[in-house]
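Trainee: Here you go, start-v1.tsv (TSV, C-alpha atoms):
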```
chain	number	residue	atom	x	y	z
A	1390	MET	CA	19.18	-20.03	-2.68
A	1391	GLU	CA	17.59	-19.29	-6.04
A	1392	MET	CA	18.23	-15.98	-7.74
A	1393	ALA	CA	16.60	-14.65	-10.88
A	1394	ALA	CA	18.95	-14.66	-13.84
A	1395	ILE	CA	19.54	-11.28	-15.40
A	1396	SER	CA	18.22	-12.48	-18.75
A	1397	SER	CA	14.94	-13.57	-17.17
A	1398	SER	CA	14.45	-10.58	-14.88
A	1399	PRO	CA	11.01	-8.97	-15.08
A	1400	ARG	CA	11.08	-5.83	-17.21
A	1401	THR	CA	7.54	-4.53	-17.73
A	1402	VAL	CA	5.28	-3.07	-15.05
A	1403	GLU	CA	3.08	-6.18	-15.21
A	1404	GLU	CA	6.03	-8.55	-14.93
A	1405	ILE	CA	7.58	-6.65	-12.02
A	1406	PHE	CA	4.25	-6.50	-10.17
A	1407	LYS	CA	3.74	-10.23	-10.74
A	1408	ASP	CA	7.20	-10.88	-9.29
A	1409	TYR	CA	6.46	-8.57	-6.33
A	1410	SER	CA	3.11	-10.27	-5.66
A	1411	ALA	CA	4.64	-13.74	-5.75
A	1412	ARG	CA	7.51	-12.84	-3.41
A	1413	ARG	CA	5.03	-11.09	-1.10
A	1414	ALA	CA	2.78	-14.18	-1.08
A	1415	GLY	CA	5.68	-16.34	0.04
A	1416	ILE	CA	6.60	-13.89	2.81
A	1417	VAL	CA	3.00	-13.61	4.01
A	1418	ARG	CA	2.78	-17.38	4.16
A	1419	ALA	CA	5.94	-17.56	6.26
A	1420	LEU	CA	4.63	-15.00	8.76
A	1421	THR	CA	1.08	-16.37	8.98
A	1422	TYR	CA	0.23	-19.93	7.87
A	1423	ASP	CA	3.77	-21.25	8.33
A	1424	VAL	CA	4.61	-19.01	11.26
A	1425	ASP	CA	5.51	-21.83	13.67
A	1426	GLU	CA	7.92	-23.35	11.16
A	1427	PHE	CA	9.34	-19.91	10.38
A	1428	TYR	CA	9.79	-19.12	14.08
A	1429	ALA	CA	11.62	-22.38	14.70
A	1430	THR	CA	13.86	-21.87	11.66
A	1431	CYS	CA	15.08	-18.51	12.95
A	1432	ASP	CA	17.27	-20.00	15.65
A	1433	PRO	CA	19.30	-17.26	17.39
A	1434	GLU	CA	22.18	-19.74	17.75
A	1435	LYS	CA	22.64	-19.81	13.97
A	1436	GLU	CA	24.56	-17.29	11.88
A	1437	ASN	CA	23.03	-14.16	10.34
A	1438	LEU	CA	19.82	-15.28	8.66
A	1439	CYS	CA	17.62	-13.55	6.11
A	1440	LEU	CA	14.01	-14.13	5.03
A	1441	TYR	CA	13.57	-14.40	1.28
A	1442	GLY	CA	10.41	-14.54	-0.78
A	1443	HIS	CA	10.79	-16.23	-4.16
A	1444	PRO	CA	9.01	-15.69	-7.49
A	1445	ASN	CA	7.31	-19.10	-7.14
A	1446	GLU	CA	5.46	-17.92	-3.97
A	1447	THR	CA	7.72	-19.84	-1.59
A	1448	TRP	CA	9.80	-18.52	1.30
A	1449	GLU	CA	13.23	-19.38	2.60
A	1450	VAL	CA	15.28	-18.51	5.67
A	1451	THR	CA	18.95	-18.77	4.83
A	1452	LEU	CA	22.30	-17.01	4.85
A	1453	PRO	CA	22.70	-13.87	2.74
A	1454	ALA	CA	24.13	-14.02	-0.77
A	1455	GLU	CA	27.91	-14.25	-0.94
A	1456	GLU	CA	28.20	-12.15	-4.11
A	1457	VAL	CA	29.47	-8.61	-3.61
A	1458	PRO	CA	27.58	-6.68	-4.71
A	1459	PRO	CA	24.61	-9.06	-4.60
A	1460	GLU	CA	22.56	-9.71	-7.72
A	1461	LEU	CA	19.45	-8.35	-5.98
A	1462	PRO	CA	18.97	-6.07	-2.96
A	1463	GLU	CA	19.36	-8.12	0.19
A	1464	PRO	CA	16.72	-8.41	2.96
A	1465	ALA	CA	17.41	-7.50	6.59
A	1466	LEU	CA	20.37	-9.42	7.96
A	1467	GLY	CA	20.27	-11.32	11.25
A	1468	ILE	CA	16.52	-11.41	11.87
A	1469	ASN	CA	17.06	-14.46	14.06
A	1470	PHE	CA	19.19	-12.66	16.66
A	1471	ALA	CA	16.31	-10.59	18.07
A	1472	ARG	CA	13.83	-13.46	18.19
A	1473	ASP	CA	14.18	-14.46	21.83
A	1474	GLY	CA	14.68	-10.91	23.10
A	1475	MET	CA	11.23	-9.68	22.03
A	1476	GLN	CA	7.62	-10.68	22.33
A	1477	ARG	CA	6.80	-13.03	19.47
A	1478	ARG	CA	4.19	-10.70	17.95
A	1479	ASP	CA	6.53	-7.71	18.15
A	1480	TRP	CA	9.35	-9.67	16.55
A	1481	LEU	CA	7.12	-10.82	13.70
A	1482	SER	CA	5.97	-7.23	13.18
A	1483	LEU	CA	9.59	-6.07	13.00
A	1484	VAL	CA	10.41	-8.74	10.44
A	1485	ALA	CA	7.33	-7.70	8.45
A	1486	VAL	CA	8.41	-4.04	8.33
A	1487	HIS	CA	11.89	-4.94	7.11
A	1488	THR	CA	10.41	-7.34	4.57
A	1489	ASP	CA	8.10	-4.66	3.16
A	1490	SER	CA	11.17	-2.49	2.59
A	1491	TRP	CA	12.98	-5.34	0.88
A	1492	LEU	CA	10.06	-6.14	-1.42
A	1493	LEU	CA	9.89	-2.51	-2.56
A	1494	ALA	CA	13.66	-2.43	-3.05
A	1495	VAL	CA	13.55	-5.49	-5.30
A	1496	ALA	CA	10.59	-4.17	-7.29
A	1497	PHE	CA	12.22	-0.82	-7.97
A	1498	TYR	CA	15.56	-2.49	-8.67
A	1499	PHE	CA	13.83	-4.30	-11.50
A	1500	GLY	CA	12.04	-1.08	-12.40
A	1501	ALA	CA	15.16	1.05	-12.70
A	1502	ARG	CA	14.61	1.47	-16.44
A	1503	LEU	CA	10.92	2.30	-16.21
A	1504	ASN	CA	9.86	5.82	-17.08
A	1505	ARG	CA	8.14	8.19	-14.66
A	1506	ASN	CA	4.58	7.16	-15.50
A	1507	GLU	CA	5.46	3.47	-15.41
A	1508	ARG	CA	7.02	3.85	-11.95
A	1509	LYS	CA	3.91	5.64	-10.72
A	1510	ARG	CA	1.75	2.89	-12.13
A	1511	LEU	CA	3.91	0.20	-10.52
A	1512	PHE	CA	3.70	1.87	-7.12
A	1513	SER	CA	-0.06	2.30	-7.52
A	1514	LEU	CA	-0.46	-1.44	-8.12
A	1515	ILE	CA	1.75	-2.27	-5.15
A	1516	ASN	CA	0.01	0.25	-2.92
A	1517	ASP	CA	-3.38	-1.34	-3.60
A	1518	LEU	CA	-2.20	-4.44	-1.73
A	1519	PRO	CA	-1.99	-4.55	2.07
A	1520	THR	CA	1.58	-4.40	3.31
A	1521	VAL	CA	3.04	-7.46	4.98
A	1522	PHE	CA	3.06	-5.44	8.19
A	1523	GLU	CA	-0.68	-4.78	7.86
A	1524	VAL	CA	-1.35	-8.46	7.29
A	1525	VAL	CA	0.78	-9.62	10.22
A	1526	THR	CA	-0.60	-7.05	12.66
A	1527	GLU	CA	-4.14	-7.48	11.29
A	1528	ARG	CA	-4.44	-3.79	10.61
A	1529	LYS	CA	-7.16	-2.72	8.20
A	1530	HIS	CA	-5.85	-1.71	4.79
A	1531	VAL	CA	-7.59	1.55	3.87
A	1532	LYS	CA	-7.25	2.76	0.30
A	1533	ASP	CA	-6.84	6.50	-0.08
A	1534	LYS	CA	-7.77	7.35	3.48
A	1535	PRO	CA	-9.35	10.82	3.66
A	1536	ASN	CA	-7.48	13.57	5.48
A	1537	VAL	CA	-10.80	14.92	6.74
A	1538	ASP	CA	-12.41	12.95	9.54
A	1539	ASN	CA	-15.82	11.98	8.22
A	1540	GLY	CA	-16.90	9.97	11.25
A	1541	ASN	CA	-18.50	6.64	10.44
A	1542	LYS	CA	-19.62	7.46	6.94
A	1543	SER	CA	-19.23	4.20	5.08
A	1544	ARG	CA	-18.19	5.62	1.74
A	1545	SER	CA	-15.77	8.26	2.97
A	1546	SER	CA	-12.77	5.95	2.83
A	1547	THR	CA	-13.54	4.89	-0.74
A	1548	LYS	CA	-13.43	8.36	-2.21
A	1549	ARG	CA	-10.16	8.35	-4.10
A	1550	SER	CA	-9.96	12.12	-4.33
A	1551	SER	CA	-10.73	12.79	-0.67
A	1552	ASP	CA	-7.19	11.90	0.36
A	1553	GLY	CA	-6.29	15.57	0.20
A	1554	GLN	CA	-4.29	15.34	-2.99
A	1555	ALA	CA	-5.30	16.20	-6.53
A	1556	LYS	CA	-4.78	13.24	-8.82
A	1557	SER	CA	-2.61	14.05	-11.80
A	1558	THR	CA	-1.83	10.55	-13.06
A	1559	PRO	CA	-3.59	9.89	-16.40
A	1560	ARG	CA	-6.29	7.24	-16.15
A	1561	ALA	CA	-4.52	5.24	-18.83
A	1562	TYR	CA	-1.74	4.56	-16.34
A	1563	ASP	CA	-3.95	3.61	-13.39
A	1564	GLU	CA	-6.55	0.90	-13.88
A	1565	SER	CA	-8.04	1.57	-10.43
A	1566	TYR	CA	-9.43	4.87	-11.67
A	1567	ALA	CA	-11.86	3.05	-13.93
A	1568	GLU	CA	-13.07	0.93	-11.04
A	1569	ASP	CA	-13.41	3.99	-8.84
A	1570	GLU	CA	-15.39	5.84	-11.52
A	1571	ASP	CA	-17.76	2.88	-11.89
A	1572	GLU	CA	-18.32	2.59	-8.15
A	1573	HIS	CA	-19.01	6.29	-7.58
A	1574	GLY	CA	-20.23	7.36	-11.00
A	1575	GLU	CA	-23.68	8.24	-9.62
A	1576	THR	CA	-22.31	10.54	-6.93
A	1577	LEU	CA	-23.11	14.16	-7.75
A	1578	CYS	CA	-21.62	17.35	-6.40
A	1579	GLY	CA	-24.07	18.97	-3.98
A	1580	SER	CA	-23.21	22.38	-5.40
A	1581	CYS	CA	-22.85	22.12	-9.18
A	1582	GLY	CA	-24.46	18.73	-9.76
A	1583	GLY	CA	-21.40	17.44	-11.59
A	1584	ASN	CA	-20.52	13.74	-11.61
A	1585	TYR	CA	-17.82	12.26	-9.41
A	1586	SER	CA	-14.38	12.21	-11.01
A	1587	GLY	CA	-11.37	10.43	-9.55
A	1588	ASP	CA	-8.94	13.10	-10.68
A	1589	GLU	CA	-10.54	15.94	-8.70
A	1590	PHE	CA	-10.49	16.79	-5.01
A	1591	TRP	CA	-13.80	16.15	-3.24
A	1592	ILE	CA	-14.89	16.75	0.35
A	1593	GLY	CA	-17.85	15.24	2.24
A	1594	CYS	CA	-20.12	17.07	4.65
A	1595	ASP	CA	-20.21	15.47	8.11
A	1596	ILE	CA	-23.78	16.68	8.68
A	1597	CYS	CA	-25.76	15.88	5.52
A	1598	GLU	CA	-23.19	13.44	4.08
A	1599	ARG	CA	-23.34	15.04	0.66
A	1600	TRP	CA	-20.20	15.37	-1.43
A	1601	TYR	CA	-18.80	18.48	-3.08
A	1602	HIS	CA	-16.06	19.47	-5.46
A	1603	GLY	CA	-13.45	21.24	-3.36
A	1604	LYS	CA	-13.43	24.07	-5.90
A	1605	CYS	CA	-17.22	24.51	-5.60
A	1606	VAL	CA	-17.09	25.10	-1.84
A	1607	LYS	CA	-13.70	26.84	-1.93
A	1608	ILE	CA	-11.90	24.15	0.06
A	1609	THR	CA	-8.40	23.19	-1.03
A	1610	PRO	CA	-6.63	19.95	-0.04
A	1611	ALA	CA	-4.32	21.99	2.18
A	1612	LYS	CA	-7.24	23.70	3.94
A	1613	ALA	CA	-9.02	20.36	4.41
A	1614	GLU	CA	-6.04	19.12	6.43
A	1615	SER	CA	-6.93	21.47	9.28
A	1616	ILE	CA	-10.70	20.84	9.28
A	1617	LYS	CA	-11.81	18.38	11.95
A	1618	GLN	CA	-15.49	18.40	10.99
A	1619	TYR	CA	-16.60	19.82	7.68
A	1620	LYS	CA	-20.01	21.46	7.27
A	1621	CYS	CA	-21.16	22.35	3.79
A	1622	PRO	CA	-22.50	25.86	3.06
A	1623	SER	CA	-26.08	24.62	3.26
A	1624	CYS	CA	-25.69	23.00	6.69
A	1625	SER	CA	-23.72	25.98	8.00
A	1626	THR	CA	-26.57	28.30	6.96
A	1627	LYS	CA	-29.22	26.10	8.57
A	1628	LYS	CA	-27.42	26.08	11.91
A	1629	GLY	CA	-27.17	29.83	11.86
A	1630	ARG	CA	-30.92	30.32	11.53
A	1631	PRO	CA	-32.97	31.12	14.68
```
Translate this file's structure into structure tokens.
Mentor:
Amino acid sequence: MEMAAISSSPRTVEEIFKDYSARRAGIVRALTYDVDEFYATCDPEKENLCLYGHPNETWEVTLPAEEVPPELPEPALGINFARDGMQRRDWLSLVAVHTDSWLLAVAFYFGARLNRNERKRLFSLINDLPTVFEVVTERKHVKDKPNVDNGNKSRSSTKRSSDGQAKSTPRAYDESYAEDEDEHGETLCGSCGGNYSGDEFWIGCDICERWYHGKCVKITPAKAESIKQYKCPSCSTKKGRP
């Protein structure tokens, strides 16, 4: 089983994310395209087996590392034992969950010396990818899902700031902000007319589908949590008229 040498371990955010992405690609392949081969390899009659993803985008089912402590965090041990006692889909989902945890553990093991902003940036890059569990269970990966239920409004799930949390990470440390600004740069606040900004909290009206700065309509992220259907001041006034 190949292990990354300490001297060649990824050190920068970009290097660690590249390593994470490659290992993840190998795992995804094992649980999707190569799933029949993976399933057959995880024979319950064998010893404790682990699923590894390697930096060259390959996967391997083998025994755990013998080194104590191991050079890298180890994946879940004995994934093969539960194979025949569960529905195949449920077993694959369980393996996927444990693998997601392992991938994060390896990434942040490499990132132990990163500073606070670098760790935030690393997690942001990782979080933009669907988890292995989401891929295996075919669940939709929603970026920055709003806390407020905006029905079927197509753009509600793409509003970065509508997730109920004010964004404090500087744009220099999060490349996705630039993309978000470009995509929604023409969106204007229905109250003050200001442009959309990814580092401010916004809320969308479920009636007129216009967007507002939370501060303009006096709605905080905490208050938005308890609102099932938001009506802007304008729509609330119209409904109240005889």
Trainee: Using only C-alpha atoms, determine which residues lie at most 10 Å from segment 1494-1499 of chain A, disregarding the query and same-chain residues fewer than 6 positions distant; provide the list as JSON, numbers by chain.
Mentor: {"A": [1395, 1398, 1399, 1400, 1401, 1402, 1404, 1405, 1406, 1407, 1408, 1409, 1410, 1412, 1461, 1462, 1463, 1464, 1488, 1508, 1511, 1512, 1515]}
Trainee: Figure out the distance between atom CA of Thr1526 of chain A and atom CA of Leu1438 of chain A, please, to one decimal in Å.
Mentor: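 Here the two named atoms are 22.4 Å from each other.
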Trainee: Just how far from atom CA of Gly1587 of chain A is atom CA of Ala1501 of chain A, in Å to one decimal?
Mentor: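 Computing the Euclidean distance for atom CA of Ala1501 of chain A and atom CA of Gly1587 of chain A yields 28.3 Å.
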Trainee: Report, in Å with one decimal, the straight-line distance from atom CA of Ser1482 of chain A to atom CA of Leu1420 of chain A.
Mentor: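 Those two atoms sit 9.0 Å apart.
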Trainee: Closest to Thr1447 of chain A among A:Leu1466, A:Tyr1601, A:Gly1415, A:Asn1516, using all atoms listed in the file?
Mentor: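 Closest to Thr1447 of chain A of all the choices is A:Gly1415.
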Trainee: Calculated over only C-alpha atoms, which of the candidates A:Ser1625, A:Arg1418, A:Gln1476, A:Ile1596 has the smallest distance to Val1521 of chain A?
Mentor: A:Arg1418
Trainee: If we count only C-alpha atoms, what is near Trp1480 of chain A at a cut-off of 9 Å, once residues fewer than 6 positions away on the same chain are taken out, given as a compact mmCIF listing (two decimals) with C-alpha atoms, keeping the file's coordinate frame?
Mentor:
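In the end it all went to around.txt:
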```txt
# COMPACT_ATOMS: atom_id res chain seq x y z
CA ILE A 1468 16.52 -11.41 11.87
CA ALA A 1471 16.31 -10.59 18.07
CA ARG A 1472 13.83 -13.46 18.19
CA ASP A 1473 14.18 -14.46 21.83
CA GLY A 1474 14.68 -10.91 23.10
```
Trainee: Dump as a list in words all residues having an atom at most 6 Å from (-20.6, 10.4, -1.4), computed in the file's coordinates with only C-alpha atoms.
Mentor: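 Counting only C-alpha atoms, I find these residues within 6 Å of (-20.6, 10.4, -1.4): Thr1576, Arg1599 and Trp1600 of chain A.
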Trainee: Which residue is closest to Ala1419 of chain A? Choose from A:Ile1608, A:Glu1449, A:Glu1589, A:Thr1626 and count all atoms listed in the file.
Mentor: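 Using all atoms listed in the file, Ala1419 of chain A sits closest to A:Glu1449.
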